[in-house]
Structure formats: C-alpha cells, structure tokens
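What follows is the content of model07.csv, which has CSV, C-alpha atoms:
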chain,number,residue,atom,x,y,z
A,4,MET,CA,-31.7,49.5,60.4
A,5,PRO,CA,-30.3,50.7,57.0
A,6,ILE,CA,-26.8,52.2,56.9
A,7,LYS,CA,-26.8,56.0,56.3
A,8,PRO,CA,-25.0,57.0,53.0
A,9,GLU,CA,-22.5,59.0,55.0
A,10,ARG,CA,-21.6,56.0,57.1
A,11,ARG,CA,-21.4,53.7,54.1
A,12,PHE,CA,-19.1,56.3,52.4
A,13,LEU,CA,-16.8,56.2,55.5
A,14,GLN,CA,-16.7,52.4,55.4
A,15,HIS,CA,-15.6,52.4,51.8
A,16,GLU,CA,-12.9,55.0,52.5
A,17,GLU,CA,-11.7,53.0,55.5
A,18,ALA,CA,-11.6,49.8,53.5
A,19,LEU,CA,-9.4,51.4,50.8
A,20,ASN,CA,-7.1,53.1,53.3
A,21,GLU,CA,-6.6,49.7,54.9
A,22,ALA,CA,-5.6,48.2,51.6
A,23,ILE,CA,-3.3,51.1,50.9
A,24,HIS,CA,-1.6,50.7,54.3
A,25,LYS,CA,-1.0,47.0,53.7
A,26,ASP,CA,1.1,47.9,50.7
A,27,MET,CA,2.2,51.5,51.3
A,28,HIS,CA,5.4,51.2,49.3
A,29,TYR,CA,3.6,50.2,46.1
A,30,TRP,CA,0.9,52.9,46.7
A,31,LYS,CA,3.7,55.5,46.9
A,32,LEU,CA,5.2,54.1,43.7
A,33,LEU,CA,1.9,54.2,41.9
A,34,GLN,CA,1.4,57.8,42.9
A,35,ALA,CA,4.8,58.6,41.6
A,36,TYR,CA,3.8,57.0,38.2
A,37,TYR,CA,0.6,59.0,38.1
A,38,ARG,CA,2.4,62.3,38.9
A,39,GLY,CA,5.0,61.5,36.2
A,40,ALA,CA,2.3,60.8,33.6
A,41,MET,CA,0.4,63.9,34.6
A,42,LEU,CA,3.5,66.1,34.2
A,43,GLU,CA,4.3,64.5,30.8
A,44,VAL,CA,0.9,65.5,29.5
A,45,LYS,CA,1.1,69.0,31.0
A,46,THR,CA,4.5,69.5,29.3
A,47,LYS,CA,3.0,68.4,26.0
A,48,PHE,CA,0.3,71.1,26.3
A,49,ASP,CA,2.9,73.7,27.3
A,50,VAL,CA,4.9,72.8,24.2
A,51,LEU,CA,1.8,73.0,22.0
A,52,ASN,CA,0.9,76.4,23.4
A,53,GLU,CA,4.4,77.7,22.6
A,54,LYS,CA,4.3,76.3,19.1
A,55,PHE,CA,0.9,77.8,18.5
A,56,ASN,CA,2.1,81.2,19.6
A,57,VAL,CA,5.0,81.1,17.2
A,58,ASP,CA,2.7,80.0,14.3
A,59,HIS,CA,-0.3,82.2,15.0
A,60,ASP,CA,0.9,84.9,17.3
A,61,ARG,CA,-1.5,83.9,20.1
A,62,ASN,CA,-1.8,81.3,22.9
A,63,PRO,CA,-4.8,79.0,22.8
A,64,ILE,CA,-4.3,78.0,26.5
A,65,GLU,CA,-5.3,80.3,29.3
A,66,SER,CA,-4.2,78.0,32.1
A,67,ILE,CA,-3.4,74.4,33.0
A,68,LYS,CA,-4.3,72.7,36.3
A,69,THR,CA,-3.3,69.3,37.5
A,70,ARG,CA,-4.4,67.0,40.3
A,71,ILE,CA,-4.1,63.5,41.7
A,72,LYS,CA,-7.3,62.0,42.9
A,73,GLU,CA,-7.6,61.6,46.7
A,74,PRO,CA,-8.1,58.1,48.1
A,75,ARG,CA,-11.6,59.0,49.5
A,76,SER,CA,-12.7,60.0,45.9
A,77,ILE,CA,-11.2,56.8,44.5
A,78,ALA,CA,-13.0,54.7,47.1
A,79,ALA,CA,-16.4,56.4,46.4
A,80,LYS,CA,-15.9,55.7,42.6
A,81,LEU,CA,-15.0,52.1,43.1
A,82,ALA,CA,-18.0,51.6,45.4
A,83,ARG,CA,-20.3,53.2,42.8
A,84,MET,CA,-18.9,50.9,40.2
A,85,GLY,CA,-19.4,47.9,42.5
A,86,LEU,CA,-15.6,47.0,42.3
A,87,PRO,CA,-13.3,45.7,45.1
A,88,LEU,CA,-11.7,48.4,47.3
A,89,SER,CA,-8.1,47.4,46.6
A,90,ILE,CA,-5.0,48.9,45.0
A,91,LYS,CA,-5.1,46.5,42.1
A,92,SER,CA,-8.8,47.3,41.5
A,93,LEU,CA,-8.1,51.1,41.3
A,94,GLU,CA,-5.1,50.6,39.1
A,95,ASP,CA,-7.1,48.4,36.7
A,96,ASN,CA,-10.3,50.3,36.6
A,97,ILE,CA,-10.0,54.0,37.6
A,98,PHE,CA,-8.5,55.9,34.7
A,99,ASP,CA,-8.8,59.5,36.1
A,100,ILE,CA,-6.5,59.3,39.1
A,101,ALA,CA,-4.1,61.6,37.3
A,102,GLY,CA,-5.9,64.6,35.9
A,103,VAL,CA,-5.0,67.6,33.6
A,104,ARG,CA,-7.4,70.4,33.1
A,105,VAL,CA,-6.8,72.8,30.2
A,106,ILE,CA,-8.6,76.1,30.0
A,107,CYS,CA,-8.8,77.4,26.5
A,108,SER,CA,-9.6,80.8,25.0
A,109,PHE,CA,-12.1,79.6,22.3
A,110,MET,CA,-14.1,76.5,21.5
A,111,ASP,CA,-12.2,75.5,18.4
A,112,ASP,CA,-9.0,75.6,20.4
A,113,ILE,CA,-10.4,72.7,22.5
A,114,TYR,CA,-10.7,70.4,19.5
A,115,THR,CA,-7.4,71.6,17.9
A,116,LEU,CA,-5.5,70.9,21.1
A,117,ALA,CA,-7.3,67.5,21.5
A,118,ASP,CA,-6.4,66.5,18.0
A,119,CYS,CA,-2.7,67.6,18.4
A,120,LEU,CA,-2.3,65.7,21.6
A,121,SER,CA,-4.0,62.5,20.5
A,122,GLY,CA,-2.1,62.6,17.2
A,123,GLN,CA,1.3,62.3,18.9
A,124,ASN,CA,2.9,59.0,18.3
A,125,ASP,CA,3.6,58.2,22.0
A,126,ILE,CA,0.0,59.0,23.1
A,127,ARG,CA,-2.7,56.4,22.9
A,128,LEU,CA,-6.3,57.7,23.0
A,129,ILE,CA,-8.4,55.3,25.2
A,130,GLU,CA,-11.7,57.2,25.4
A,131,CYS,CA,-13.3,60.5,24.4
A,132,LYS,CA,-16.5,62.0,25.9
A,133,ASP,CA,-17.7,65.2,24.3
A,134,TYR,CA,-19.9,67.0,26.8
A,135,ILE,CA,-19.7,70.1,24.6
A,136,ALA,CA,-21.6,68.6,21.8
A,137,HIS,CA,-23.7,66.5,24.3
A,138,PRO,CA,-23.9,68.4,27.6
A,139,LYS,CA,-24.9,66.6,30.8
A,140,PRO,CA,-28.5,67.2,32.0
A,141,SER,CA,-27.1,69.5,34.7
A,142,GLY,CA,-25.6,71.8,32.0
A,143,TYR,CA,-22.0,70.6,32.4
A,144,ARG,CA,-19.9,71.1,29.3
A,145,SER,CA,-16.3,69.9,28.6
A,146,LEU,CA,-14.3,67.6,26.4
A,147,HIS,CA,-12.9,64.6,28.3
A,148,LEU,CA,-10.1,62.4,27.1
A,149,ILE,CA,-8.5,59.4,28.7
A,150,VAL,CA,-5.0,59.0,27.2
A,151,GLU,CA,-2.2,56.6,27.9
A,152,VAL,CA,1.3,58.1,28.1
A,153,PRO,CA,4.7,56.4,28.5
A,154,ILE,CA,6.9,57.5,31.5
A,155,PHE,CA,10.5,56.5,31.3
A,156,LEU,CA,12.0,55.1,34.5
A,157,LYS,CA,15.4,53.8,35.4
A,158,ALA,CA,14.9,50.3,34.2
A,159,GLU,CA,11.5,50.3,32.4
A,160,THR,CA,9.0,52.3,30.4
A,161,ARG,CA,5.6,52.4,32.0
A,162,HIS,CA,2.4,53.3,30.2
A,163,THR,CA,0.0,55.2,32.5
A,164,LYS,CA,-3.5,56.7,32.0
A,165,VAL,CA,-4.3,60.3,32.5
A,166,GLU,CA,-7.7,62.1,32.2
A,167,VAL,CA,-7.6,65.3,30.2
A,168,GLN,CA,-10.4,67.9,30.5
A,169,LEU,CA,-10.5,70.7,28.0
A,170,ARG,CA,-13.0,73.6,28.4
A,171,THR,CA,-13.3,77.3,27.7
A,172,ILE,CA,-13.1,80.1,30.4
A,173,ALA,CA,-16.9,80.3,30.4
A,174,MET,CA,-17.3,76.5,30.8
A,175,ASP,CA,-14.8,76.5,33.7
A,176,PHE,CA,-16.5,79.5,35.4
A,177,TRP,CA,-19.9,77.7,35.3
A,178,THR,CA,-18.4,74.4,36.5
A,179,SER,CA,-16.5,76.0,39.4
A,180,LEU,CA,-19.5,77.8,40.7
A,181,GLU,CA,-21.9,74.9,40.1
A,182,HIS,CA,-19.5,72.7,42.2
A,183,LYS,CA,-19.7,75.2,45.1
A,184,ILE,CA,-23.5,75.5,44.9
A,185,ARG,CA,-23.9,71.7,44.7
A,186,TYR,CA,-22.8,71.3,48.4
A,187,LYS,CA,-25.3,74.1,49.5
A,188,LYS,CA,-28.1,72.2,47.8
A,189,THR,CA,-28.0,69.2,50.1
A,190,THR,CA,-30.1,70.9,52.8
A,191,LEU,CA,-32.8,72.0,50.3
A,192,GLN,CA,-36.2,70.4,49.6
A,193,GLU,CA,-37.1,68.9,46.2
A,194,PRO,CA,-39.1,71.9,44.7
A,195,ALA,CA,-36.2,74.3,45.5
A,196,LEU,CA,-33.6,71.8,44.1
A,197,GLU,CA,-35.6,71.5,40.8
A,198,GLU,CA,-35.8,75.3,40.4
A,199,ILE,CA,-32.1,75.7,41.1
A,200,GLY,CA,-31.3,72.9,38.6
A,201,GLN,CA,-33.3,74.6,35.9
A,202,HIS,CA,-31.7,78.0,36.6
A,203,LEU,CA,-28.2,76.5,36.4
A,204,SER,CA,-29.1,74.8,33.1
A,205,ARG,CA,-30.2,78.2,31.7
A,206,ILE,CA,-27.0,79.8,32.8
A,207,SER,CA,-25.0,77.0,31.1
A,208,GLN,CA,-26.9,77.7,27.9
A,209,ASN,CA,-26.1,81.4,28.2
A,210,ALA,CA,-22.4,80.5,28.7
A,211,ALA,CA,-22.6,78.3,25.5
A,212,SER,CA,-24.1,81.3,23.6
A,213,LEU,CA,-21.3,83.5,24.9
A,214,ASP,CA,-18.6,81.0,23.7
A,215,ALA,CA,-20.3,80.8,20.3
A,216,ASP,CA,-20.5,84.6,19.9
A,217,MET,CA,-16.8,85.1,21.0
A,218,GLN,CA,-15.8,82.4,18.4
A,219,LYS,CA,-17.7,84.3,15.7
A,220,VAL,CA,-15.9,87.5,16.6
A,221,ARG,CA,-12.5,85.8,16.6
A,222,ASP,CA,-13.3,84.2,13.2
A,223,ALA,CA,-14.4,87.5,11.7
A,224,ILE,CA,-11.2,89.2,12.9
A,225,ALA,CA,-9.1,86.4,11.4
A,226,GLN,CA,-10.9,86.7,8.1
A,227,LEU,CA,-10.4,90.5,8.0
A,228,GLU,CA,-6.7,90.0,8.8
A,229,LYS,CA,-6.4,87.4,5.9
A,230,GLU,CA,-8.1,89.8,3.5
A,231,LEU,CA,-5.8,92.7,4.5
A,232,GLU,CA,-2.8,90.4,4.1
A,233,SER,CA,-3.9,89.3,0.6
A,234,ASP,CA,-4.3,93.0,-0.4
A,235,GLY,CA,-0.8,93.8,0.8
A,236,PHE,CA,-1.7,96.0,3.8
A,237,CYS,CA,0.0,93.7,6.3
A,238,SER,CA,3.2,93.2,4.4
Written as structure tokens, that's how I'd like the structure from this file.
Amino acid sequence: MPIKPERRFLQHEEALNEAIHKDMHYWKLLQAYYRGAMLEVKTKFDVLNEKFNVDHDRNPIESIKTRIKEPRSIAAKLARMGLPLSIKSLEDNIFDIAGVRVICSFMDDIYTLADCLSGQNDIRLIECKDYIAHPKPSGYRSLHLIVEVPIFLKAETRHTKVEVQLRTIAMDFWTSLEHKIRYKKTTLQEPALEEIGQHLSRISQNAASLDADMQKVRDAIAQLEKELESDGFCS
C-alpha cells in the first residue's frame, strides 16, 4: 500500500528532527549564524533606506520582514531535492534558511536596492532569480537574491548565505492572499482549481499594471520637479 504524502512528509520531518537532536549544540550554533547573517543584511537595507532619504527626500523601503526557516520546511525541501536529511546536508544545500523580505514603494526601487546591496564589497551575490521580468505560472512576482555575508565572531569570520526577496506593496499583497487561498484549494476538484488559478493569474497581471502605472506617475512628478528646479522655481 503506497504511503500517503502527509505520512511521507511526517517521516521526513521526523528524520531531520532526529539528526538535529543528535547534534543539538551545533544546530543551535548554526541557527545563531543564520540569525546573525539575517540581521547583517537587514541592517544594510536600513542604512540604504536612510541614505536614500537624505539624497532623494523619500524612503524606497516600506517595510522589512525577516524569518528563519522552520525544520519541517527544511525537511520538505531536502526531500524534494532528493538530498539526505541531515544538518550537513541542509548547511551545504539549502540557501534560504535565513530570509529577508524587503517591501518597496516602486518597481525601480527593487532593482536600485538590489544593485546597491550586491555592489557592497563584503557581499557576494550567489544567485539572482527575476520573477518580475519572468513571473511564475501562478502569477507570483518578486526578485530573489541569494547573497553571502560575513558575520564576525569572537575568533573567526563566517560567511553565511541569506535569501533576499524584494517586491512592491502590490506584489506582496497578491502573494500574501494567494498563500492563504492555496491552503483552501486542497479540498477542491480539478475544474474549480483551474478556474481559481486563472483568476489569480489575472489578478497578478492587474497588480503588475498597477505597479507600472504608479511608476509612470512617480516618474512624471520627478520630471516636473526637475524642470521646475532648472527654471529656478525650487531654489
């Protein structure tokens, strides 16, 4: 009799938890490294936000959220990748255990902040996935970076990977509600699922149009301000 997906998921989680309990001290140490790296990246964005406000009289960042991936989510990802359920395996292969999500005002703020972060001399860009230029079939849109940042400890410097997600308010709104709806979809039949999927995709396209329109308005205002300044009205 085949094992149900729910039972298989529990088996994966139990296997990873067992590996963690065998070396709890190192697991706690690893979590401290990830939290430290996460805070380093968050601080960098806080500083960029302040500098941008001084230079341009506005803040490109609406909010910053952080999280450390739970063991059950790590176990599920390792299983999907066909990798061993061990601490070494997650350390070597899972790069999004520490996560920083940056919610931006406008689309061009996303790319400006991404360039500013990846251009810093202590940051190493490992991977970039642009789901804004190339949305997922579901309609999901965001810019994903995997970066490596040094954290300075008592007797060593340790380079640790962090996933950074940058998105606009509209992108975050769509993603948050799609995430909630996704769990309601598990009890629905295929025709209904397909219809809901198409509807969500259309809403994502509407959100993308909203982002583009707001960017045009912002750019038009910036251009007017520049013209007024050149004419001496803003001096």
Determine, for each residue of range 122-181 of chain A having at least one atom at most 8 Å from an atom of range 91-114 of chain A, the closest pair of atoms and their separation in Å to one decimal, counting all atoms listed in the file; order by chain and ascending number, as a Markdown table.
| residue | atom | partner | partner_atom | distance |
| --- | --- | --- | --- | --- |
| A:Leu146 | CA | A:Ile113 | CA | 7.5 |
| A:Ile149 | CA | A:Phe98 | CA | 6.9 |
| A:Lys164 | CA | A:Phe98 | CA | 5.7 |
| A:Val165 | CA | A:Ala101 | CA | 5.0 |
| A:Glu166 | CA | A:Gly102 | CA | 4.8 |
| A:Val167 | CA | A:Val103 | CA | 4.9 |
| A:Gln168 | CA | A:Arg104 | CA | 4.7 |
| A:Leu169 | CA | A:Val105 | CA | 4.8 |
| A:Arg170 | CA | A:Ile106 | CA | 5.3 |
| A:Thr171 | CA | A:Cys107 | CA | 4.7 |
| A:Ile172 | CA | A:Ile106 | CA | 6.0 |
| A:Asp175 | CA | A:Ile106 | CA | 7.2 |
* Asked: With only C-alpha atoms as the atoms that count, which of A:Ala173, A:Asn56, A:Tyr143, A:Met217 lies nearest to Leu203 in chain A?
  ->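 Ranking A:Ala173, A:Asn56, A:Tyr143, A:Met217 by distance to Leu203 in chain A, first place goes to A:Tyr143.
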* Skipping near chain neighbours, those fewer than 6 positions away, what residues fall within 7 Å of Ala40 in chain A using only C-alpha atoms, listed as a ChimeraX atom specification? -> /A:152,154,163,165
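Between CA of Ser145 in chain A and CA of Leu86 in chain A the interatomic distance comes to 26.7 Å.
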* Minimum-distance residue to Gln201 in chain A, chosen among A:Arg11, A:Leu19, A:Ser141, A:Glu43 (using only C-alpha atoms) -> A:Ser141
* **Point-to-point distance from CA of Ser66 in chain A to CA of His162 in chain A, Å rounded to tenths** =>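 Computing it gives 25.6 Å between the two atoms.
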* Asked: Quick one: of A:Arg161, A:Gly122, A:Trp177, A:Leu128, who's nearest to Leu32 in chain A, counting only C-alpha atoms?
  ->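 Among A:Arg161, A:Gly122, A:Trp177, A:Leu128, it is A:Arg161 that comes nearest to Leu32 in chain A.
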* **Gap from CA of His182 in chain A to CA of Pro138 in chain A - Å, one decimal** =>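 If I compute the distance from CA of His182 in chain A to CA of Pro138 in chain A, I get 15.8 Å.
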* Which residue out of A:Arg144, A:Ile90, A:Gly85, A:Phe48 has the minimum interatomic distance to Asp118 in chain A when all atoms listed in the file are used? ->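 Smallest separation from Asp118 in chain A among the options: A:Phe48.
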Which protein, DNA or RNA residues have an atom at most 7 Å from (-7.6, 58.0, 49.6), counting all atoms listed in the file? List them as a PDB file with C-alpha atoms, keeping the file's coordinate frame.
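Below you can see out_8.pdb, which holds the result:
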ATOM      1  CA  GLU A  16     -12.900  55.000  52.500  1.00  0.00           C
ATOM      2  CA  LEU A  19      -9.400  51.400  50.800  1.00  0.00           C
ATOM      3  CA  ASN A  20      -7.100  53.100  53.300  1.00  0.00           C
ATOM      4  CA  GLU A  73      -7.600  61.600  46.700  1.00  0.00           C
ATOM      5  CA  PRO A  74      -8.100  58.100  48.100  1.00  0.00           C
ATOM      6  CA  ARG A  75     -11.600  59.000  49.500  1.00  0.00           C
ATOM      7  CA  SER A  76     -12.700  60.000  45.900  1.00  0.00           C
ATOM      8  CA  ILE A  77     -11.200  56.800  44.500  1.00  0.00           C
ATOM      9  CA  ALA A  78     -13.000  54.700  47.100  1.00  0.00           C
TER      10      ALA A  78
END
* Asked: Which of these, A:Tyr36, A:Tyr134, A:Phe155, A:Phe176, has the shortest distance to Ala210 in chain A once you count all atoms listed in the file?
  -> A:Phe176
* To do: Compare A:Val44, A:Asn62, A:Leu227, A:Ile184 by their minimum atom-to-atom distance to Leu148 in chain A, counting all atoms listed in the file, and give me the closest one.
  =>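 Comparing A:Val44, A:Asn62, A:Leu227, A:Ile184 against Leu148 in chain A, the winner is A:Val44.
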